[in-house]
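Report on the structure given below.
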Amino acid sequence: MTSEIIGVVGAGVMGRGIAQLFVRAGHQVCLHDSREGAATVARAHVLSMLDRLAAKGAMTQADVRAAAGRLLPVPDLSGLAGCTLVVEAIVEDLEAKRSLFAALEGIVGEGCLLASNTSSLTVSAIAAGCRHPARVAGLHFFNPVPLMRIAEVIPGLLTDPAVADRLAALVAGTGHRAVLAADQPGFLINHAGRALYTEGLRLLEEGVAGVADIDRILRDTLGLRMGPFELLDLTGLDVSGKVMQSIYEQFQHDPRYRPSSLVPPRLAAGLHGRKTGRGFYAYDDGMKQEPPEMPVPAAISGTAWVQDGDGAATLRALLAAGGAALADDPAAADILFTLPWGMDVTGVAAAAGLEAARLVGVDPLGGLSGRLVLMASPATDPALPVRARGWLAAAGRQASLIADSPGFVAQRVLAMIVNTGCDIAQRSIAAPADIDAAVRLGLGYPLGPLEWGDRVGAARVLSILQGLLAVTGDPRYRPSPWLRRRALLGLPLTEA
Ligand SMILES: NC(=O)c1ccc[n+]([C@@H]2O[C@H](COP(=O)([O-])OP(=O)(O)OC[C@H]3O[C@@H](n4cnc5c(N)ncnc54)[C@H](O)[C@@H]3O)[C@@H](O)[C@H]2O)c1
């Protein structure tokens, strides 16, 4: 790898991380910040991070000393004259970025690339202010840069394709994965991340479950590290709320990205999350106060009938282990169980002619392997899900109870994650393999949206969305053509 002379402008959170990444990969890095002394402080910070790596044995002291020699604070922008690439990580403001690039064009040589770490501005708009927009591209890293091993390379409409190739090779040389994303709202990762937040808020708005239950269900059944409300509290609703609104507006009010009416009053009340001590959760000394789970009822005797379908055999075995007597005939049972995909209990009762007062849903997603999720219709006798939870608890299983919802909690969120990934592919915003890698690395999901869809089955995901669309009439659930075609043709979602 040929080493470059890389200018980093803006020595804040992101600029420091970008400088650390490139200097560790063997490049010379010139760090500039308009705030006097900020670049020197940032250099000391980066070197302390490298020292920590050396203490852990991840680098040698000699490597740290060599890196220190390659990392230079530059008090004046003109000090970037010899750079082969300048990455800006200054304030997120179009005019500020445009005037910085205009100034840089008068300083750097012809062959120098100009990259912006913007997360929400249009790369083409930043480039359009330059005399040579062909050399300008987005290079979007994630916080903390050294640990988030992914960067989006975003060519603007006037960017020379060779520029994107050079940036991607440079990123790959640091050990991070580079993904190519089109200059569209949220690029790839922030676009893919919309599904979890908007559907989480939708479930809350609809009264399907409370904040803590939605988070618990999504962590335990989808294997997410954090649920949507924990994440919103961590990032701060003031920051995330703006991103939600901006992406929705940039997509011309496409209902898929519609923000929630729950957000503005929370913002007005200052419930921003962890940093204000209260958000969707309360925080005591920075520690999240986890609301208690529903109390576990004792198992009492009774008879259960389970409708045939995915997971029915497992559910029958669990109920029997918890002390229920199993009936072959729904007429002879106290509680009827159904395991629907993309339907609510109301819909199952109507379609299958089962008595709604005795009917309880169980989510078949995940093969009933972790936390179980029970669902009741407005007509379900409220005592019955409690009895059901008693049997499941006696069989050693934890069960959450939610209100009627076509697709429970996890099916809905998963279907929206997959559908959003499919639409990113359909719009040619990124290639399928890049979509999956970016979501795993950038959002930390256990699987990328396309591979996850294939795991669950494209036809199944399609049916969940169709169920949601039928019950709610909300076009946010319309299936992406990418999903529909591959589901109907039996093709993998991961293939173009
Ligand atoms: N923080 C994140 O999680 C994150 C993630 C991805 C992308 N980004 C993007 O990265 C950029 C920087 O974000 P940050 O969080 O590091 O901000 P920050 O506030 O921590 O740092 C910005 C730095 O830029 C300096 N600065 C401002 N205007 C300048 C100018 N004209 N010339 C030179 N220096 C200038 C400031 O003094 C400050 O030190 C933004 O575009 C942001 O949208 C941030």
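By convention here, the chains of the structure tokens are called A, B, ... in the order presented, each chain's residues are numbered starting at 1, and ligands are numbered starting at 1 in the order presented.
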Distance limit 9 Å, reference ligand 1, atoms considered: only C-alpha atoms and all ligand atoms. Which residues make the cut? Give them as number ranges by chain.
A: 9-17, 32-36, 38-39, 42, 77, 88-93, 96-97, 99-100, 116-121, 140-145, 235
With C-alpha atoms retained, could you export that selection as an mmCIF file, in the first residue's frame?
```cif
data_model
loop_
_atom_site.group_PDB
_atom_site.id
_atom_site.type_symbol
_atom_site.label_atom_id
_atom_site.label_comp_id
_atom_site.auth_asym_id
_atom_site.auth_seq_id
_atom_site.Cartn_x
_atom_site.Cartn_y
_atom_site.Cartn_z
ATOM 1 C CA VAL A 9 -10.081 19.078 9.039
ATOM 2 C CA GLY A 10 -12.158 19.217 12.212
ATOM 3 C CA ALA A 11 -10.495 17.631 15.239
ATOM 4 C CA GLY A 12 -13.667 16.763 17.154
ATOM 5 C CA VAL A 13 -15.096 13.327 17.907
ATOM 6 C CA MET A 14 -14.993 12.109 14.304
ATOM 7 C CA GLY A 15 -11.856 13.897 13.121
ATOM 8 C CA ARG A 16 -9.843 12.345 15.973
ATOM 9 C CA GLY A 17 -11.099 8.887 15.128
ATOM 10 C CA HIS A 32 -6.373 21.006 11.403
ATOM 11 C CA ASP A 33 -9.137 22.668 13.415
ATOM 12 C CA SER A 34 -10.276 26.293 13.260
ATOM 13 C CA ARG A 35 -10.345 26.408 17.081
ATOM 14 C CA GLU A 36 -6.917 27.410 18.300
ATOM 15 C CA ALA A 38 -7.792 22.005 19.220
ATOM 16 C CA ALA A 39 -5.612 20.054 16.776
ATOM 17 C CA ALA A 42 -6.681 16.063 19.488
ATOM 18 C CA LEU A 77 -5.175 25.473 6.478
ATOM 19 C CA GLU A 88 -13.438 17.081 6.491
ATOM 20 C CA ALA A 89 -15.226 16.355 9.748
ATOM 21 C CA ILE A 90 -16.296 19.885 10.673
ATOM 22 C CA VAL A 91 -19.706 21.119 11.761
ATOM 23 C CA GLU A 92 -22.693 19.620 9.852
ATOM 24 C CA ASP A 93 -23.515 22.736 7.852
ATOM 25 C CA ALA A 96 -19.439 25.770 6.217
ATOM 26 C CA LYS A 97 -18.435 22.646 4.265
ATOM 27 C CA SER A 99 -16.577 27.327 1.960
ATOM 28 C CA LEU A 100 -13.990 24.976 3.485
ATOM 29 C CA SER A 116 -16.720 14.853 3.446
ATOM 30 C CA ASN A 117 -17.762 12.886 6.526
ATOM 31 C CA THR A 118 -21.257 14.384 6.366
ATOM 32 C CA SER A 119 -24.046 12.141 7.684
ATOM 33 C CA SER A 120 -27.053 14.022 6.366
ATOM 34 C CA LEU A 121 -26.088 16.557 3.709
ATOM 35 C CA HIS A 140 -18.806 8.465 5.980
ATOM 36 C CA PHE A 141 -17.337 6.895 9.095
ATOM 37 C CA PHE A 142 -19.199 5.892 12.253
ATOM 38 C CA ASN A 143 -18.529 6.689 15.889
ATOM 39 C CA PRO A 144 -16.213 5.439 17.380
ATOM 40 C CA VAL A 145 -14.261 5.318 14.120
ATOM 41 C CA THR A 235 -28.210 8.792 20.938
#
```
If you run DSSP on this backbone, which residues of stretch 87-286 of chain A come out as helix (DSSP H, G or I), and could you give them as a PyMOL selection string?
chain A and resi 94-105+123-127+133-135+161-173+189-192+194-205+211-222+228-235+237-250+255-257+263-268+274-276
For stretch 382-388 of chain A: contacts at 9 Å, only C-alpha atoms, fewer than 2 positions along chain excluded, given as a ChimeraX atom specification:
/A:296-302,304,319,324,334-335,357-360,374-376,378-380,390-393,399,401
For A:Ile5, which of A:Val418, A:Cys112, A:Leu222, A:Leu354 is the closest residue, counting only C-alpha atoms?
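Closest residue, counting only C-alpha atoms: A:Cys112.
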Using only C-alpha atoms, pick whichever of A:Ala321, A:Ile429, A:Met287, A:Ala192 has the shortest atom-to-atom distance to A:Glu230.
A:Met287
